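The next block holds one structure in the form of structure tokens; read it before the comments.
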Amino acid sequence: MVTTHNLGFPRIGAQRELKFALESYWKNQSSRDELKAVGARLRERHWKEQAHLDLVPAGDFAFYDQVLDMSFTLGNLPARVRDFHGDALDNYFRVARGRSAGSAEEHAACCGGVAAGEMTKWFDTNYHYIVPEFDAATQFRLDTSRLVEQLGEARALGVNAKPVIIGPVTYLWLGKAKDDSDKLALLPRLLPVYAALLDHFAALGIEWVQIDEPALVTELDTPWRDAFVTAYEALSARRVRLLLATYFGPLQENLDLASKLPVDGLHIDAINARNEAAAAASMLPDTSVLSVGAINGRNIWKTDLNAALDWLEPLHASLGDRLWISPSCSLLHTPVDLASEDKLDAEIKSWLAFALQKLDELSVLARALNEGRAAVADALALNSAAIESRRTSARVHNPAVKAAIANIDAALGQRASAYELRAVKQAAMLDLPAYPTTTIGSFPQTDEIRQARSRFRKGELDAVAYKAAMEREITRAVKEQEALGLDVLVHGEAERNDMVEYFGEQLDGYAFSQFGWVQSYGSRCVKPPILFGDISRPKAMTVEWTRYAQAQTNKPMKGMLTGPVTILNWSFVRDDQPRSVSCLQLALAIREEVLDLEKAGVRVIQIDEAALREGLPLRRSQWNDYLRWAVESFRITANGVQDETQIHTHMCYSEFNDIIASIADMDADVITIETSRSDMELLDAFDDFDYPNQIGPGVYDIHSPNIPSEAHIVDLMKKAAQRIPGERLWVNPDCGLKTRQWDEVIPALRNMVAAAHALRASA
Ligand code: GLN
Ligand code: ZN
């Protein structure tokens, strides 16, 4: 019999119950007991929903983040939150977000204002974890309370729980040594704590423990590879069985290492490493189980069950009971339940599977393996009808788009002239002062804006009234910018709720869910649009708003678009064609918008690529391939314009050092980046690399309510001018201003404009 299991379940709740409970607790509107009760109810519901599996995960629930949970289990709290008032949960939220609930912070004088832990992306997903902090003196101390509590709940429900923990090597790999000491030197101190934890599980009568080591899918140098051997040999005296879980990619050169570790089972991500399943099966000792992730844990598509059975059946024949099946990774990265999507087009809906549906697929696969396909003939027939309908649907396949992709040639991505020549023509056309000032696009999203948008969506506001409301906002933004004396203006993006959704909604080939929320970090969720078909643009998307804005002023108005790579990286994308092809389709669609803006007389066009960097593959050996098609997509989008049209791009969190050549290759006339917090340190990349075009290093940290002073901005710009010639510098904030208030933005921009005047005077 094949064993079914799950690596992790989305914890936020089908209706985002955890999000609302957390936010209400933080705002003091509910008690700690109420928050804990919501957590317990969600765990109970999720276990019941998974009860048809042979083994269900426990300990995958977290109030904020599973890595932070592990830090608490290992007793690795930053020194700055030790000895605080309140209970462990308060300290947990202090590390997570700098503060706990209002009521727990009455000791603000002694414990208020803790620096939150740093947050970073969980491998190549859009989930963010709290980075464990280490230094040479870090000690660990086991705290089993959370896991014991959750295992007790699971047992009371009668489900067969498999605790999920992050393995010791990946735990160190994920963290950061604050004193630059060697993290790996902590391994000998860490291992006894893991050994004690496993003993504790054994004492509780646990049979299997899932120990996650996704670091194994990355390129590891010898000390890290050796650490795996040391770690798992040290844990070999355990009395529980270990399933070593890897996911998000193939193991490649680490497959041999992983299959020889002294554990009792290996999980591999057979979505990303199908061909490693058979190899692993032959390499594992015949006492070990092989778990294959046969269902994609990161997308929203139905699995082709017959195709999966085609490769699972031979594996089952050779492994017998030693074969386990599951989703490829934790289902944390998918929405919970498709059933609640009653507005989704029925045909598109029939192609989709969210977390619960994926687990149903798993049960069908298991029955087919155990009893033969005939036992689930109906389910398989339904599945293959859905797969076939998607494969052949005219809504997915648009011959005109495919033809356009086939006709792409290098000239599409090539500006007519080199930057130096364009720069001269653009300068003549735009007539800008030195150190020109601009903003990144959005202005504050006021309550009136949000209300108008939501009333329009609900049909309470008709199109004419909505348009008038947005035009009022545009006029206001233009007037404010003129009063401030900015040089290149923006329309303010009032009509956009989200920089990807706004374009997705207007492109053919996109669908939207109502409840397809996925946790991004803590209580923050995103609802990625679903790119299901060939992408085309039925009509212009931004031209009318931009034209209206331009008519309100004599200053140049910057057209504002989201680039293809960012749209791709923030969507659920197709699994039936390479990401690069979807990206090129988006590029052609946004290119049409660029050309329409140009035709409408817009002389400056910004194409945001906020998410370019985060699309980098886990393995460096694949970076070049990604960067090649990402840059090509941007170039196709941007570079069809005349020399006189100035192309800007914008990138958030820009650590450029390792990709600066690709950024330059995009050949945007101007790039704006986020640099203010790092005190221009991020510009280090420009020391060794002579960036050829213009740059606007951010001088206003828009994540903070603080108003930067004129002197501070001048100071930052002078630092920038040490690396980039002053005549190629722009003065602008770090990013869009949508999350700020007007009364913060106006004084900040006033100082920014004054700083630019001072720089011009001293130049
Ligand atoms: N133009 C967008 C804005 O200003 C850019 C946002 C971003 O890069 N994240 O809101
Ligand atoms: Zn940004």
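Chains: A, B, ... in order of the structure tokens. Residues: from 1 per chain. Ligands: from 1, in order shown.
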Env. residues ligand 1 / 7 Å / only C-alpha atoms and all ligand atoms / as a list in words: Ile440, Gly441, Ser442, Met499, Met560, Asp608, Glu609, Ala610, His650, Met651, Cys652, Cys735, Gly736, Leu737 and Lys738 of chain A
Near-stretch 397-408 of chain A list (10 Å; only C-alpha atoms; drop same-chain fewer than 4 positions) as a list in words: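 The residues satisfying every condition are Arg390, Arg391, Thr392, Ser393, Leu412, Gly413, Asp508, Gly509, Phe532, Gly533, Asp534, Ile535, Ser536, Val581, Ser582, Leu584, Gln585, Ala587, Leu588, Ala589 and Ile636 of chain A.
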Secondary structure check, strand (DSSP E or B) residues of stretch 36-188 of chain A, as a list in words: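 Here are the strand (DSSP E or B) residues of stretch 36-188 of chain A: Leu55, Val56, Pro57, Ala58, Met119, Thr120, Lys121, His128, Tyr129, Ile130, Glu133, Phe134, Ala161, Lys162, Pro163, Val164, Ile165, Ile166, Lys176 and Ala177 of chain A.
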Keeping only C-alpha atoms, write those residues as a PDB file, in the first residue's frame.
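This went into part.pdb:
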```pdb
ATOM      1  CA  LEU A  55      -0.135  11.047   7.837  1.00  0.00           C
ATOM      2  CA  VAL A  56      -0.945  14.701   8.422  1.00  0.00           C
ATOM      3  CA  PRO A  57       1.534  17.442   9.306  1.00  0.00           C
ATOM      4  CA  ALA A  58       1.598  18.918  12.795  1.00  0.00           C
ATOM      5  CA  MET A 119      12.653  39.295   6.857  1.00  0.00           C
ATOM      6  CA  THR A 120      13.658  37.639   3.638  1.00  0.00           C
ATOM      7  CA  LYS A 121      12.253  35.473   0.895  1.00  0.00           C
ATOM      8  CA  HIS A 128       8.970  35.773   3.651  1.00  0.00           C
ATOM      9  CA  TYR A 129      10.477  34.343   6.837  1.00  0.00           C
ATOM     10  CA  ILE A 130      12.120  35.894   9.863  1.00  0.00           C
ATOM     11  CA  GLU A 133      20.076  35.597  14.206  1.00  0.00           C
ATOM     12  CA  PHE A 134      23.367  34.126  15.343  1.00  0.00           C
ATOM     13  CA  ALA A 161       0.227  13.341  13.092  1.00  0.00           C
ATOM     14  CA  LYS A 162       3.725  13.680  11.743  1.00  0.00           C
ATOM     15  CA  PRO A 163       5.567  16.587  13.351  1.00  0.00           C
ATOM     16  CA  VAL A 164       7.273  18.917  10.866  1.00  0.00           C
ATOM     17  CA  ILE A 165      10.496  20.663  11.831  1.00  0.00           C
ATOM     18  CA  ILE A 166      13.206  22.511   9.955  1.00  0.00           C
ATOM     19  CA  LYS A 176      22.555  35.259   9.589  1.00  0.00           C
ATOM     20  CA  ALA A 177      25.622  35.615  11.779  1.00  0.00           C
TER      21      ALA A 177
END
```
Residue contacts of stretch 280-290 of chain A (12 Å, only C-alpha atoms) excluding same-chain residues fewer than 4 positions away, as a ChimeraX atom specification: /A:2-4,208,241-246,250-252,254-270,273-276,294,312,314-326
Residue among A:Gly516, A:Gly158, A:Pro617, A:Pro733 lying closest to ligand 2, counting only C-alpha atoms and all ligand atoms: A:Pro733
Among listed residues A:Ala761, A:Ala755, A:Leu331, A:Leu612, nearest ligand 2 (using only C-alpha atoms and all ligand atoms): A:Leu612
From A:Thr439, A:Asn751, A:Ser520, A:Gln15, residue lying nearest ligand 2 [only C-alpha atoms and all ligand atoms]: A:Thr439
Residue among A:Ile300, A:Ala203, A:Ala721, A:Met70 lying closest to A:Pro528, counting only C-alpha atoms: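 Answer, going by the shortest atom-to-atom distance: A:Ile300.
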Length of the atom CA of A:Glu341 to atom CA of A:Phe354 vector [Å]: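 Calculated distance between atom CA of A:Glu341 and atom CA of A:Phe354 is 10.4 Å.
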A:Arg32, A:Arg373, A:Arg677, A:His46 ranked by distance to A:Ala88, top pick (using only C-alpha atoms):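 Looking at the shortest contact to A:Ala88, the residue is A:Arg32.
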Contacts of A:Leu151 within 12 Å, only C-alpha atoms, excl. fewer than 2 positions in-chain, as a PyMOL selection string: chain A and resi 40+43-44+47+56-61+144-149+153-164+200-201+204-206+209
Generate the output file for the selected residues, N, CA and C atoms, as a tab-separated table (two decimals), in the first residue's frame.
```tsv
chain	number	residue	atom	x	y	z
A	40	ALA	N	-6.29	27.40	17.44
A	40	ALA	CA	-6.68	26.01	17.73
A	40	ALA	C	-7.81	25.56	16.80
A	43	ARG	N	-6.38	24.88	13.33
A	43	ARG	CA	-5.63	23.60	13.29
A	43	ARG	C	-6.60	22.43	13.25
A	44	GLU	N	-7.62	22.52	14.10
A	44	GLU	CA	-8.59	21.42	14.15
A	44	GLU	C	-9.27	21.24	12.78
A	47	TRP	N	-6.83	19.80	10.22
A	47	TRP	CA	-6.56	18.36	10.39
A	47	TRP	C	-7.75	17.53	9.93
A	56	VAL	N	-0.71	13.27	8.61
A	56	VAL	CA	-0.95	14.70	8.42
A	56	VAL	C	0.14	15.49	9.15
A	57	PRO	N	0.48	16.66	8.65
A	57	PRO	CA	1.53	17.44	9.31
A	57	PRO	C	1.03	18.10	10.59
A	58	ALA	N	1.90	18.17	11.57
A	58	ALA	CA	1.60	18.92	12.79
A	58	ALA	C	2.80	19.80	13.08
A	59	GLY	N	2.54	20.98	13.64
A	59	GLY	CA	3.65	21.91	13.87
A	59	GLY	C	3.90	22.79	12.66
A	60	ASP	N	3.11	22.60	11.60
A	60	ASP	CA	3.23	23.48	10.43
A	60	ASP	C	2.42	24.76	10.63
A	61	PHE	N	1.55	24.75	11.63
A	61	PHE	CA	0.81	25.98	11.93
A	61	PHE	C	1.76	26.95	12.63
A	144	THR	N	9.91	22.63	23.95
A	144	THR	CA	9.03	21.74	23.18
A	144	THR	C	7.56	22.17	23.27
A	145	SER	N	7.29	23.26	24.00
A	145	SER	CA	5.89	23.54	24.36
A	145	SER	C	4.96	23.62	23.15
A	146	ARG	N	5.38	24.35	22.12
A	146	ARG	CA	4.49	24.52	20.96
A	146	ARG	C	4.19	23.18	20.30
A	147	LEU	N	5.23	22.40	20.06
A	147	LEU	CA	5.02	21.13	19.35
A	147	LEU	C	4.22	20.15	20.21
A	148	VAL	N	4.51	20.14	21.50
A	148	VAL	CA	3.77	19.22	22.38
A	148	VAL	C	2.28	19.58	22.39
A	149	GLU	N	2.02	20.87	22.46
A	149	GLU	CA	0.63	21.30	22.49
A	149	GLU	C	-0.09	20.87	21.19
A	153	GLU	N	-3.19	18.14	20.57
A	153	GLU	CA	-4.47	18.45	19.90
A	153	GLU	C	-4.75	17.45	18.78
A	154	ALA	N	-3.70	17.15	18.02
A	154	ALA	CA	-3.88	16.22	16.89
A	154	ALA	C	-4.29	14.85	17.39
A	155	ARG	N	-3.64	14.43	18.47
A	155	ARG	CA	-3.95	13.12	19.01
A	155	ARG	C	-5.39	13.09	19.50
A	156	ALA	N	-5.82	14.16	20.16
A	156	ALA	CA	-7.20	14.20	20.67
A	156	ALA	C	-8.20	14.07	19.52
A	157	LEU	N	-7.80	14.54	18.34
A	157	LEU	CA	-8.69	14.45	17.18
A	157	LEU	C	-8.62	13.07	16.51
A	158	GLY	N	-7.65	12.30	16.89
A	158	GLY	CA	-7.51	10.97	16.31
A	158	GLY	C	-6.83	10.94	14.95
A	159	VAL	N	-6.14	12.04	14.57
A	159	VAL	CA	-5.41	11.98	13.30
A	159	VAL	C	-3.99	11.47	13.55
A	160	ASN	N	-3.41	10.91	12.52
A	160	ASN	CA	-2.07	10.36	12.63
A	160	ASN	C	-1.07	11.48	12.28
A	161	ALA	N	-0.55	12.13	13.33
A	161	ALA	CA	0.23	13.34	13.09
A	161	ALA	C	1.71	13.04	12.92
A	162	LYS	N	2.29	13.76	11.99
A	162	LYS	CA	3.72	13.68	11.74
A	162	LYS	C	4.28	15.07	12.01
A	163	PRO	N	5.03	15.25	13.11
A	163	PRO	CA	5.57	16.59	13.35
A	163	PRO	C	6.50	17.03	12.22
A	164	VAL	N	6.44	18.33	11.92
A	164	VAL	CA	7.27	18.92	10.87
A	164	VAL	C	8.23	19.90	11.52
A	200	HIS	N	12.16	13.54	22.64
A	200	HIS	CA	10.88	13.97	23.19
A	200	HIS	C	9.73	13.43	22.33
A	201	PHE	N	9.91	13.52	21.00
A	201	PHE	CA	8.88	12.97	20.10
A	201	PHE	C	8.70	11.47	20.38
A	204	LEU	N	6.67	10.71	23.23
A	204	LEU	CA	5.24	10.97	22.99
A	204	LEU	C	4.61	9.89	22.11
A	205	GLY	N	5.41	8.93	21.71
A	205	GLY	CA	4.87	7.85	20.88
A	205	GLY	C	4.81	8.17	19.40
A	206	ILE	N	5.54	9.21	18.98
A	206	ILE	CA	5.56	9.58	17.56
A	206	ILE	C	6.41	8.57	16.78
A	209	VAL	N	8.89	11.64	11.87
A	209	VAL	CA	9.11	13.08	11.95
A	209	VAL	C	9.57	13.56	10.58
```
Minimum-distance residue to A:Tyr171, chosen among A:Val67, A:Val464, A:Ala231, A:Ala79 (using only C-alpha atoms):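 Smallest distance to A:Tyr171 is found for A:Val67.
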Distance in Å - atom CA of A:Lys302 versus atom CA of A:Ala353: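 Value for the atom CA of A:Lys302-atom CA of A:Ala353 distance: 4.9 Å.
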All alpha helix (DSSP H) positions in stretch 196-227 of chain A, as a list in words: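 Result set for stretch 196-227 of chain A (alpha helix (DSSP H)): Ala196, Leu197, Leu198, Asp199, His200, Phe201, Ala202, Ala203, Thr222, Pro223, Trp224, Arg225, Asp226 and Ala227 of chain A.
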Near-stretch 71-76 of chain A list (6 Å; only C-alpha atoms; drop same-chain fewer than 4 positions) as a ChimeraX atom specification: /A:140-144
Spatial neighbours of A:Ser24, 10 Å, only C-alpha atoms, chain gap at least 6 places, as a list of chain:residue names: A:Leu18, A:Ser30, A:Ser31, A:Glu34, A:Leu35, A:Ala101
Coordinates-based distance that separates atom CA of A:Ser513 from atom CA of A:Asp342 (Å, one decimal):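 Between atom CA of A:Asp342 and atom CA of A:Ser513 the gap works out to 9.1 Å.
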